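File shown here: entry38.cif, holding mmCIF, C-alpha atoms.
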```
data_query
#
loop_
_atom_site.group_PDB
_atom_site.id
_atom_site.type_symbol
_atom_site.label_atom_id
_atom_site.label_comp_id
_atom_site.auth_asym_id
_atom_site.auth_seq_id
_atom_site.Cartn_x
_atom_site.Cartn_y
_atom_site.Cartn_z
ATOM 1 C CA MET M 666 -141.274 38.767 104.612
ATOM 2 C CA GLU M 667 -137.638 39.553 105.466
ATOM 3 C CA LYS M 668 -138.218 39.009 109.194
ATOM 4 C CA LYS M 669 -140.344 35.902 108.616
ATOM 5 C CA ILE M 670 -137.694 34.237 106.441
ATOM 6 C CA ALA M 671 -134.888 35.292 108.801
ATOM 7 C CA LYS M 672 -136.750 33.693 111.716
ATOM 8 C CA ALA M 673 -137.272 30.507 109.695
ATOM 9 C CA LEU M 674 -133.587 30.253 108.711
ATOM 10 C CA LEU M 675 -132.474 30.795 112.298
ATOM 11 C CA SER M 676 -134.908 28.167 113.581
ATOM 12 C CA ILE M 677 -133.239 25.387 111.556
ATOM 13 C CA ARG M 678 -129.741 26.869 111.841
ATOM 14 C CA ALA M 679 -129.484 27.351 108.102
ATOM 15 C CA VAL M 680 -127.936 30.618 109.234
ATOM 16 C CA PHE M 681 -125.907 30.343 112.408
ATOM 17 C CA LEU M 682 -124.408 33.216 114.407
ATOM 18 C CA SER M 683 -121.359 32.580 116.592
ATOM 19 C CA PRO M 684 -119.572 35.868 117.326
ATOM 20 C CA ASP M 685 -117.562 34.397 120.233
ATOM 21 C CA LYS M 686 -116.315 31.430 118.174
ATOM 22 C CA PRO M 687 -116.088 32.755 114.601
ATOM 23 C CA PHE M 688 -115.875 30.584 111.524
ATOM 24 C CA THR M 689 -112.974 30.859 109.076
ATOM 25 C CA TRP M 690 -113.905 31.520 105.444
ATOM 26 C CA ALA M 691 -111.823 30.133 102.575
ATOM 27 C CA SER M 692 -110.325 33.610 102.222
ATOM 28 C CA GLY M 693 -109.022 33.397 105.801
ATOM 29 C CA ILE M 694 -111.501 35.978 107.099
ATOM 30 C CA LYS M 695 -112.887 35.278 110.557
ATOM 31 C CA SER M 696 -116.672 35.424 110.341
ATOM 32 C CA PRO M 697 -119.344 35.403 113.065
ATOM 33 C CA ILE M 698 -121.901 33.990 110.625
ATOM 34 C CA TYR M 699 -122.230 30.726 108.730
ATOM 35 C CA CYS M 700 -124.906 30.089 106.117
ATOM 36 C CA ASP M 701 -125.986 26.682 104.790
ATOM 37 C CA ASN M 702 -129.301 27.055 102.975
ATOM 38 C CA ARG M 703 -129.193 23.404 101.914
ATOM 39 C CA LEU M 704 -130.735 22.698 105.324
ATOM 40 C CA ILE M 705 -133.932 24.307 104.036
ATOM 41 C CA LEU M 706 -134.509 21.254 101.851
ATOM 42 C CA THR M 707 -134.599 18.904 104.847
ATOM 43 C CA SER M 708 -137.141 20.994 106.770
ATOM 44 C CA PRO M 709 -140.544 20.703 105.005
ATOM 45 C CA GLU M 710 -142.244 23.556 106.858
ATOM 46 C CA VAL M 711 -139.422 26.043 106.247
ATOM 47 C CA ARG M 712 -139.001 24.742 102.700
ATOM 48 C CA ARG M 713 -142.656 25.503 101.903
ATOM 49 C CA GLU M 714 -142.251 28.983 103.364
ATOM 50 C CA VAL M 715 -139.071 29.760 101.435
ATOM 51 C CA GLU M 716 -140.178 28.353 98.076
ATOM 52 C CA GLN M 717 -143.512 30.176 98.227
ATOM 53 C CA ALA M 718 -141.634 33.370 99.089
ATOM 54 C CA ILE M 719 -139.381 32.862 96.035
ATOM 55 C CA ALA M 720 -142.431 32.333 93.813
ATOM 56 C CA ASP M 721 -144.205 35.374 95.272
ATOM 57 C CA THR M 722 -141.094 37.517 94.835
ATOM 58 C CA VAL M 723 -140.738 36.533 91.174
ATOM 59 C CA CYS M 724 -144.406 37.371 90.545
ATOM 60 C CA ARG M 725 -144.041 40.737 92.280
ATOM 61 C CA GLU M 726 -140.608 41.842 91.034
ATOM 62 C CA PHE M 727 -140.240 40.011 87.709
ATOM 63 C CA PRO M 728 -143.765 39.320 86.418
ATOM 64 C CA GLU M 729 -142.526 38.820 82.835
ATOM 65 C CA ALA M 730 -140.297 35.870 83.804
ATOM 66 C CA GLU M 731 -140.588 32.889 81.462
ATOM 67 C CA VAL M 732 -137.841 30.582 82.737
ATOM 68 C CA PHE M 733 -136.183 29.932 86.114
ATOM 69 C CA MET M 734 -132.468 29.129 86.110
ATOM 70 C CA GLY M 735 -130.831 27.810 89.270
ATOM 71 C CA THR M 736 -127.205 28.289 90.187
ATOM 72 C CA SER M 737 -125.169 25.113 90.552
ATOM 73 C CA THR M 738 -125.531 23.427 92.872
ATOM 74 C CA ALA M 739 -127.327 25.094 95.778
ATOM 75 C CA GLY M 740 -129.839 27.031 93.674
ATOM 76 C CA ILE M 741 -131.043 24.102 91.575
ATOM 77 C CA ALA M 742 -133.575 22.585 93.978
ATOM 78 C CA HIS M 743 -134.983 25.982 94.937
ATOM 79 C CA ALA M 744 -135.410 26.923 91.281
ATOM 80 C CA ALA M 745 -137.142 23.605 90.570
ATOM 81 C CA ILE M 746 -139.603 23.858 93.457
ATOM 82 C CA ALA M 747 -140.461 27.510 92.876
ATOM 83 C CA ALA M 748 -140.866 26.875 89.143
ATOM 84 C CA ALA M 749 -143.240 24.007 89.936
ATOM 85 C CA ILE M 750 -145.359 26.322 92.096
ATOM 86 C CA LEU M 751 -145.711 28.751 89.177
ATOM 87 C CA ASP M 752 -145.795 26.072 86.463
ATOM 88 C CA LYS M 753 -142.723 27.528 84.754
ATOM 89 C CA PRO M 754 -139.872 25.764 82.948
ATOM 90 C CA MET M 755 -136.525 25.649 84.708
ATOM 91 C CA GLY M 756 -132.933 24.689 84.158
ATOM 92 C CA TYR M 757 -129.605 25.375 85.766
ATOM 93 C CA VAL M 758 -126.173 26.746 84.989
ATOM 94 C CA ARG M 759 -123.053 24.728 85.762
ATOM 95 C CA GLY M 760 -119.970 26.283 87.296
ATOM 96 C CA SER M 761 -118.171 25.328 84.080
ATOM 97 C CA ALA M 762 -119.022 23.483 80.884
ATOM 98 C CA LYS M 763 -119.024 19.683 80.920
ATOM 99 C CA ASP M 764 -115.934 18.060 79.435
ATOM 100 C CA HIS M 765 -117.978 15.343 77.745
ATOM 101 C CA GLY M 766 -121.216 14.797 75.823
ATOM 102 C CA ARG M 767 -122.535 18.080 74.421
ATOM 103 C CA ASN M 768 -120.233 20.148 76.651
ATOM 104 C CA ASN M 769 -123.219 21.982 78.085
ATOM 105 C CA ARG M 770 -122.893 24.634 80.699
ATOM 106 C CA ILE M 771 -126.591 25.545 80.641
ATOM 107 C CA GLU M 772 -128.818 22.546 81.297
ATOM 108 C CA GLY M 773 -132.430 22.624 80.145
ATOM 109 C CA ARG M 774 -134.033 24.230 77.120
ATOM 110 C CA LEU M 775 -133.277 27.945 76.756
ATOM 111 C CA LEU M 776 -134.345 29.889 73.693
ATOM 112 C CA PRO M 777 -132.704 33.164 72.601
ATOM 113 C CA GLY M 778 -134.617 36.134 73.966
ATOM 114 C CA GLN M 779 -136.395 34.246 76.734
ATOM 115 C CA LYS M 780 -136.865 36.235 79.921
ATOM 116 C CA VAL M 781 -134.978 34.525 82.741
ATOM 117 C CA VAL M 782 -134.830 34.884 86.512
ATOM 118 C CA VAL M 783 -131.824 33.351 88.264
ATOM 119 C CA ILE M 784 -132.479 31.616 91.588
ATOM 120 C CA GLU M 785 -129.541 31.773 94.008
ATOM 121 C CA ASP M 786 -129.343 30.558 97.598
ATOM 122 C CA LEU M 787 -126.727 33.003 98.914
ATOM 123 C CA ILE M 788 -124.979 36.148 97.733
ATOM 124 C CA SER M 789 -121.792 37.425 99.343
ATOM 125 C CA THR M 790 -119.369 39.154 96.953
ATOM 126 C CA GLY M 791 -121.617 38.433 93.958
ATOM 127 C CA GLY M 792 -118.918 36.870 91.772
ATOM 128 C CA SER M 793 -120.482 33.462 91.124
ATOM 129 C CA CYS M 794 -123.922 34.958 90.578
ATOM 130 C CA ILE M 795 -122.603 37.434 88.007
ATOM 131 C CA ASP M 796 -120.760 34.606 86.255
ATOM 132 C CA VAL M 797 -124.068 32.719 85.856
ATOM 133 C CA VAL M 798 -125.853 35.807 84.544
ATOM 134 C CA GLU M 799 -123.101 36.436 82.003
ATOM 135 C CA ALA M 800 -123.284 32.820 80.790
ATOM 136 C CA LEU M 801 -127.023 33.178 80.262
ATOM 137 C CA ARG M 802 -126.610 36.490 78.468
ATOM 138 C CA GLU M 803 -124.014 34.965 76.168
ATOM 139 C CA ALA M 804 -126.562 32.258 75.331
ATOM 140 C CA GLY M 805 -129.029 34.957 74.281
ATOM 141 C CA ALA M 806 -131.233 35.080 77.377
ATOM 142 C CA ASP M 807 -132.831 38.274 78.622
ATOM 143 C CA VAL M 808 -131.890 38.057 82.315
ATOM 144 C CA LEU M 809 -134.407 40.089 84.295
ATOM 145 C CA GLY M 810 -132.615 39.652 87.599
ATOM 146 C CA VAL M 811 -131.821 37.382 90.523
ATOM 147 C CA VAL M 812 -133.906 36.180 93.444
ATOM 148 C CA SER M 813 -131.723 34.998 96.328
ATOM 149 C CA ILE M 814 -132.682 33.551 99.680
ATOM 150 C CA PHE M 815 -130.076 35.419 101.720
ATOM 151 C CA THR M 816 -127.559 38.171 101.112
ATOM 152 C CA TYR M 817 -124.803 39.442 103.354
ATOM 153 C CA GLY M 818 -125.266 42.897 101.860
ATOM 154 C CA MET M 819 -121.526 43.456 101.487
ATOM 155 C CA GLU M 820 -120.552 46.699 99.806
ATOM 156 C CA LYS M 821 -118.279 44.774 97.423
ATOM 157 C CA GLY M 822 -121.157 42.545 96.390
ATOM 158 C CA ARG M 823 -123.600 45.415 95.882
ATOM 159 C CA ARG M 824 -121.045 47.320 93.809
ATOM 160 C CA ARG M 825 -120.182 44.355 91.597
ATOM 161 C CA LEU M 826 -123.841 43.557 90.915
ATOM 162 C CA GLU M 827 -124.546 47.171 90.037
ATOM 163 C CA GLU M 828 -121.561 47.385 87.701
ATOM 164 C CA ALA M 829 -122.672 44.175 85.965
ATOM 165 C CA GLY M 830 -126.212 45.492 85.563
ATOM 166 C CA VAL M 831 -127.661 42.724 87.723
ATOM 167 C CA ARG M 832 -130.658 43.374 89.950
ATOM 168 C CA ASN M 833 -130.885 41.139 93.011
ATOM 169 C CA VAL M 834 -133.892 40.784 95.290
ATOM 170 C CA SER M 835 -133.236 38.759 98.450
ATOM 171 C CA LEU M 836 -135.848 37.190 100.691
ATOM 172 C CA THR M 837 -133.851 38.328 103.707
ATOM 173 C CA ASN M 838 -130.484 39.842 104.583
ATOM 174 C CA PHE M 839 -127.793 40.150 107.227
ATOM 175 C CA ASP M 840 -129.145 43.297 108.907
ATOM 176 C CA THR M 841 -132.644 41.858 109.295
ATOM 177 C CA LEU M 842 -131.293 38.521 110.485
ATOM 178 C CA VAL M 843 -129.159 40.122 113.198
ATOM 179 C CA ASP M 844 -132.140 42.114 114.481
ATOM 180 C CA VAL M 845 -134.358 39.009 114.535
ATOM 181 C CA ALA M 846 -131.617 36.946 116.213
ATOM 182 C CA ALA M 847 -131.455 39.484 119.043
ATOM 183 C CA GLU M 848 -135.247 39.688 119.339
ATOM 184 C CA GLU M 849 -135.592 35.902 119.455
ATOM 185 C CA GLY M 850 -132.752 35.388 121.950
ATOM 186 C CA TYR M 851 -130.269 33.661 119.626
ATOM 187 C CA ILE M 852 -127.689 36.324 120.506
ATOM 188 C CA PRO M 853 -127.557 38.989 123.229
ATOM 189 C CA ALA M 854 -128.540 42.482 122.120
ATOM 190 C CA SER M 855 -125.007 43.606 122.996
ATOM 191 C CA ASP M 856 -123.669 41.579 120.028
ATOM 192 C CA VAL M 857 -125.680 43.460 117.388
ATOM 193 C CA GLU M 858 -123.295 46.396 117.110
ATOM 194 C CA ARG M 859 -120.165 44.291 116.695
ATOM 195 C CA LEU M 860 -121.865 42.058 114.127
ATOM 196 C CA ARG M 861 -122.677 45.151 112.102
ATOM 197 C CA ARG M 862 -119.053 46.282 112.416
ATOM 198 C CA PHE M 863 -117.946 42.956 110.959
ATOM 199 C CA MET M 864 -120.178 43.349 107.922
ATOM 200 C CA ALA M 865 -119.046 46.960 107.399
ATOM 201 C CA ASN M 866 -115.471 45.681 106.977
ATOM 202 C CA PRO M 867 -115.041 41.883 107.142
ATOM 203 C CA SER M 868 -111.240 42.067 106.874
ATOM 204 C CA ASP M 869 -110.991 44.205 110.032
ATOM 205 C CA GLU M 870 -110.927 41.840 113.023
ATOM 206 C CA SER M 871 -111.410 44.555 115.617
ATOM 207 C CA TRP M 872 -115.095 43.535 115.896
ATOM 208 C CA MET M 873 -113.942 40.430 117.808
ATOM 209 C CA LYS M 874 -112.486 42.455 120.686
#
```

Encoded form using structure tokens:
Amino acid sequence: MEKKIAKALLSIRAVFLSPDKPFTWASGIKSPIYCDNRLILTSPEVRREVEQAIADTVCREFPEAEVFMGTSTAGIAHAAIAAAILDKPMGYVRGSAKDHGRNNRIEGRLLPGQKVVVIEDLISTGGSCIDVVEALREAGADVLGVVSIFTYGMEKGRRRLEEAGVRNVSLTNFDTLVDVAAEEGYIPASDVERLRRFMANPSDESWMK
């Protein structure tokens, strides 16, 4: 599944590798990879593949799940489609509570004790994902874990998720994607090693040389 999803994401450039012309993250880090999983929604074939993979992963890894909760905003559509496949209720968690109406942060019906799986499109350092999980826990949910489409696999992210007691299962990841990109001719095989050096320490720009 990891290779299949990686190939699909590369085919629509939802994940784009450009080691010779790196992107600049908000943190200022120069990155050879850019991820925009919103493009999945505009590609019906890849969308079917990804949403079925999310549904299958929930059934396999979190069979007790009762409710899907998407992260705002990129995880909402994926949570809705996967929940429809499995005929499960879904909702989503805002980045912050509304400043009007009922001041909701969690949208959709959520009962205390319900077993929840969070659907996330991308995990890097894990901060926003953990924030969503904590909001759900505070509301009384039993958060079983997270299903994400793609993870960078950063050490900082893995450590933070572990410390927060959050289990994440990703459809695919950076290491698999780099291997598939080389196999499929998106990048030369000679780039694989320096891409791995970037992910080992993103703040060290020596990988660019």

Legend entry - Chain and number of each residue from the PyMOL selection byres ((chain M and resi 804) around 9), as a list in words: Ile771, Leu775, Leu776, Pro777, Glu799, Ala800, Leu801, Arg802, Glu803, Gly805 and Ala806 of chain M

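Interatomic distance, atom CA of M:Ile852 to atom CA of M:Pro684: 8.7 Å.
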
Legend entry - Residues selected by the PyMOL selection byres ((chain M and resi 772-774) around 12), written as a PyMOL selection string: chain M and resi 731-737+741+745+754-763+767-771+775-777+779+781+800-801+804+806

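Running the PyMOL selection byres ((chain M and resi 833-840) around 7) on this file leaves Met666, Glu667, Ile670, Ala671, Gly810, Val811, Val812, Ser813, Ile814, Phe815, Thr816, Tyr817, Gly818, Val831, Arg832, Thr841, Leu842, Val843 and Asp844 of chain M selected.
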
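Atom CA of M:Asp856 is found 9.7 Å from atom CA of M:Trp872.
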
Inset, instruction - Could you please determine the separation between atom CA of M:Ala673 and atom CA of M:Glu716 in Å, to one decimal place? - result: 12.2 Å

Legend entry - M:Ser871 environment, 9 Å, only C-alpha atoms, sequence neighbours closer than 5 positions dropped, as a ChimeraX atom specification: /M:859,862-863

Export C-alpha atoms of the chosen residues as a PDB file, in the coordinates of the input?
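File written: out-v3.pdb
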```
ATOM      1  CA  ARG M 859    -120.165  44.291 116.695  1.00  0.00           C
ATOM      2  CA  ARG M 862    -119.053  46.282 112.416  1.00  0.00           C
ATOM      3  CA  PHE M 863    -117.946  42.956 110.959  1.00  0.00           C
TER       4      PHE M 863
END
```

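Residues within 9 Å of M:Glu729, counting all atoms listed in the file and excluding same-chain residues fewer than 2 positions away, are Val723, Cys724, Glu726, Phe727, Glu731, Lys780, Val781 and Leu809 of chain M.
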
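Minimum atom-to-atom distance to M:Glu710, evaluated using all atoms listed in the file, belongs to M:Leu674 out of M:Leu674, M:Thr722, M:Leu682, M:Pro697.
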